[in-house]
Amino acid sequence: MSRRTSRRIPALPSWLPVDPYILALIGTVVLAALLPVSGTGADVAGGASTGAVALLFFLYGARLSTAEALDGLKHWRLHLTVLACTFLVFPLLGLAGKGLVPHVLSPQLQDGFLFLCLVPSTIQSSIAFTSMARGNVPAAICAGSFSSIAGIVLTPLLAAVLLGGSAGGFSTDALVKIVLQLLVPFLAGQLLRRWVGGFIGRHRKVLGYVDRGSILLVVYTAFSEGMVAGIWHQVTPLRLGGLLAAEAVLLALMLTLSWYGAKRLGFGREDRIAIQFAGSKKSLAAGLPMASVLFGAHASLAVLPLMLFHQMQLMVCAVIAKRRSRDPLPEEAPVLPAPAEALNRRSGGGVTPVSGSG
């Protein structure tokens, strides 16, 4: 007992409303601000970041069970609804954010705000919140997986169309980078899953640290380039406050539309929960590597809105999931006595108990 206790890693207090990984990301940004890498070191960090992005998408492909994904296609209406929220409604709201320029957002922050709306949905947090709220967990797993797969193709294409020159446009160089750094590693992971899937499953925790460490490296490289280029002078406290307000409105709209829109489409409670959590969130793990490929030296400002939105969605969805978990399920609703039974009780007549009523 004592040996097991001594190996525990100190955890943050449960009341602290900040994801520990967000604290690590903030610390990485601070490190990049104080000690930005430049010159030859920047070339080495850039190469390591490119390799980290490829490794991330290889692990994504190796983790995804093709059989589970094909089985999940049976619930196609739910998955199409989540995909519509992620890659149709979100981008339309992001385009509406152009009306906030220049009074609320700068053009660079608005590009990041729009890019945030193009990123695929999360997997882990969607599953966790759906489970907490007693929703359709298998549907959340498949919806998040389909969104991640579709995002590998749709996010770069939408960024090229909607962001134009800010994300490299339709240049051959940008297309080659996307294919080599995102799509090829993902497909390689799928092809090699038969041989490496067991190893990844047995070392899931360790590889989780590899995932997060790779993302921290991408963040450090991107924000170092931003510091060297001097782009952080463009972000004032007023602009930052405007960005947070715009993201709060965006999250509120998506949570409302996904919940009540799913109701109008005839989905039940469990499916609506899966649609709300999978259709209203954005993946930091997928968005950061994509931004480093699409935006290059300007990735730091492009990912800032995504980092802020990620923490906001975790805090808000945690509150919603806890409230949904207290909702009575249909089988938990109190059973009222039938009219004839109540009449017999009032008249003093006996009632034969019904088996299985409990």
# chains A, B, ... in the order shown; residues from 1 in each chain; ligands from 1

$ select_by_dssp --residues "region 216-332 of chain A" --states "alpha helix (DSSP H)" --output "number ranges by chain"
A: 216-229, 237-264, 269-279, 284-295, 299-325

$ closest_residue --among "A:Leu31, A:Ala278, A:Leu308, A:Ala321" --to "Ser126 (chain A)" --atoms "only C-alpha atoms"
A:Ala278

$ closest_residue --among "A:Leu163, A:Leu253, A:Leu182, A:Ile123" --to "Val53 (chain A)" --atoms "only C-alpha atoms"
A:Leu182

$ closest_residue --among "A:Lys205, A:Arg63, A:Arg323, A:His103" --to "Arg239 (chain A)" --atoms "only C-alpha atoms"
A:His103

$ closest_atom_pairs --of "region 185-296 of chain A" --to "region 36-44 of chain A" --cutoff "8 Å" --atoms "only C-alpha atoms" --output "Markdown table"
| residue | atom | partner | partner_atom | distance |
| --- | --- | --- | --- | --- |
| A:Thr221 | CA | A:Val37 | CA | 7.4 |
| A:Phe223 | CA | A:Pro36 | CA | 7.7 |
| A:Ser224 | CA | A:Pro36 | CA | 4.4 |
| A:Glu225 | CA | A:Pro36 | CA | 7.4 |
| A:Met227 | CA | A:Pro36 | CA | 6.7 |
| A:Val228 | CA | A:Pro36 | CA | 7.1 |

$ write_last_selection --atoms "N, CA and C atoms" --output "PDB file, in the first residue's frame"
ATOM      1  N   THR A 221       7.280  25.766 -31.077  1.00  0.00           N
ATOM      2  CA  THR A 221       7.860  26.195 -32.351  1.00  0.00           C
ATOM      3  C   THR A 221       7.050  27.332 -32.981  1.00  0.00           C
ATOM      4  N   PHE A 223       4.914  29.494 -31.532  1.00  0.00           N
ATOM      5  CA  PHE A 223       4.952  30.743 -30.785  1.00  0.00           C
ATOM      6  C   PHE A 223       6.353  31.356 -30.774  1.00  0.00           C
ATOM      7  N   SER A 224       7.399  30.548 -30.890  1.00  0.00           N
ATOM      8  CA  SER A 224       8.747  31.093 -31.033  1.00  0.00           C
ATOM      9  C   SER A 224       8.871  31.873 -32.332  1.00  0.00           C
ATOM     10  N   GLU A 225       8.329  31.305 -33.410  1.00  0.00           N
ATOM     11  CA  GLU A 225       8.357  32.012 -34.697  1.00  0.00           C
ATOM     12  C   GLU A 225       7.580  33.319 -34.612  1.00  0.00           C
ATOM     13  N   MET A 227       7.181  35.166 -31.908  1.00  0.00           N
ATOM     14  CA  MET A 227       7.962  36.123 -31.125  1.00  0.00           C
ATOM     15  C   MET A 227       9.079  36.736 -31.966  1.00  0.00           C
ATOM     16  N   VAL A 228       9.771  35.898 -32.734  1.00  0.00           N
ATOM     17  CA  VAL A 228      10.870  36.400 -33.568  1.00  0.00           C
ATOM     18  C   VAL A 228      10.340  37.370 -34.625  1.00  0.00           C
TER      19      VAL A 228
END

$ closest_residue --among "A:Leu284, A:Met132, A:Leu118, A:Ala143" --to "Val161 (chain A)" --atoms "only C-alpha atoms"
A:Leu118

$ closest_residue --among "A:Val176, A:Leu105, A:Ile275, A:Val210" --to "Leu244 (chain A)" --atoms "only C-alpha atoms"
A:Leu105

$ atom_distance --atom1 "CA of Val153 (chain A)" --atom2 "CA of Asp111 (chain A)"
19.1 Å

$ closest_residue --among "A:Leu265, A:Leu314, A:Val219, A:Leu93" --to "Gly27 (chain A)" --atoms "only C-alpha atoms"
A:Val219

$ decode --residues "region 209-222 of chain A" --atoms "N, CA, C and O atoms" --output "short mmCIF file (atom, residue, chain, number, x, y, z; two decimals), in the first residue's frame"
data_model
loop_
_atom_site.label_atom_id
_atom_site.label_comp_id
_atom_site.auth_asym_id
_atom_site.auth_seq_id
_atom_site.Cartn_x
_atom_site.Cartn_y
_atom_site.Cartn_z
N TYR A 209 1.28 10.48 -23.45
CA TYR A 209 2.28 11.51 -23.14
C TYR A 209 3.04 11.93 -24.41
O TYR A 209 3.43 13.09 -24.56
N VAL A 210 3.27 10.97 -25.31
CA VAL A 210 3.92 11.29 -26.58
C VAL A 210 3.05 12.24 -27.39
O VAL A 210 3.53 13.22 -27.97
N ASP A 211 1.75 11.95 -27.42
CA ASP A 211 0.79 12.83 -28.11
C ASP A 211 0.91 14.25 -27.59
O ASP A 211 1.08 15.22 -28.36
N ARG A 212 0.78 14.37 -26.28
CA ARG A 212 0.74 15.70 -25.68
C ARG A 212 2.10 16.40 -25.78
O ARG A 212 2.16 17.62 -26.00
N GLY A 213 3.16 15.64 -25.64
CA GLY A 213 4.48 16.24 -25.79
C GLY A 213 4.72 16.74 -27.20
O GLY A 213 5.33 17.80 -27.41
N SER A 214 4.21 16.01 -28.19
CA SER A 214 4.35 16.44 -29.59
C SER A 214 3.61 17.75 -29.83
O SER A 214 4.11 18.66 -30.50
N ILE A 215 2.42 17.86 -29.25
CA ILE A 215 1.64 19.08 -29.42
C ILE A 215 2.34 20.26 -28.73
O ILE A 215 2.36 21.38 -29.26
N LEU A 216 2.91 20.02 -27.56
CA LEU A 216 3.65 21.08 -26.87
C LEU A 216 4.83 21.56 -27.72
O LEU A 216 5.14 22.76 -27.76
N LEU A 217 5.50 20.63 -28.41
CA LEU A 217 6.61 21.01 -29.29
C LEU A 217 6.10 21.86 -30.45
O LEU A 217 6.74 22.86 -30.82
N VAL A 218 4.96 21.49 -31.02
CA VAL A 218 4.37 22.28 -32.11
C VAL A 218 4.03 23.69 -31.63
O VAL A 218 4.30 24.69 -32.31
N VAL A 219 3.46 23.78 -30.42
CA VAL A 219 3.10 25.09 -29.86
C VAL A 219 4.36 25.93 -29.62
O VAL A 219 4.39 27.13 -29.95
N TYR A 220 5.39 25.32 -29.04
CA TYR A 220 6.63 26.06 -28.76
C TYR A 220 7.25 26.59 -30.06
O TYR A 220 7.68 27.76 -30.12
N THR A 221 7.28 25.77 -31.08
CA THR A 221 7.86 26.19 -32.35
C THR A 221 7.05 27.33 -32.98
O THR A 221 7.61 28.33 -33.44
N ALA A 222 5.73 27.18 -32.98
CA ALA A 222 4.87 28.20 -33.59
C ALA A 222 4.96 29.53 -32.86
O ALA A 222 5.10 30.59 -33.49
#
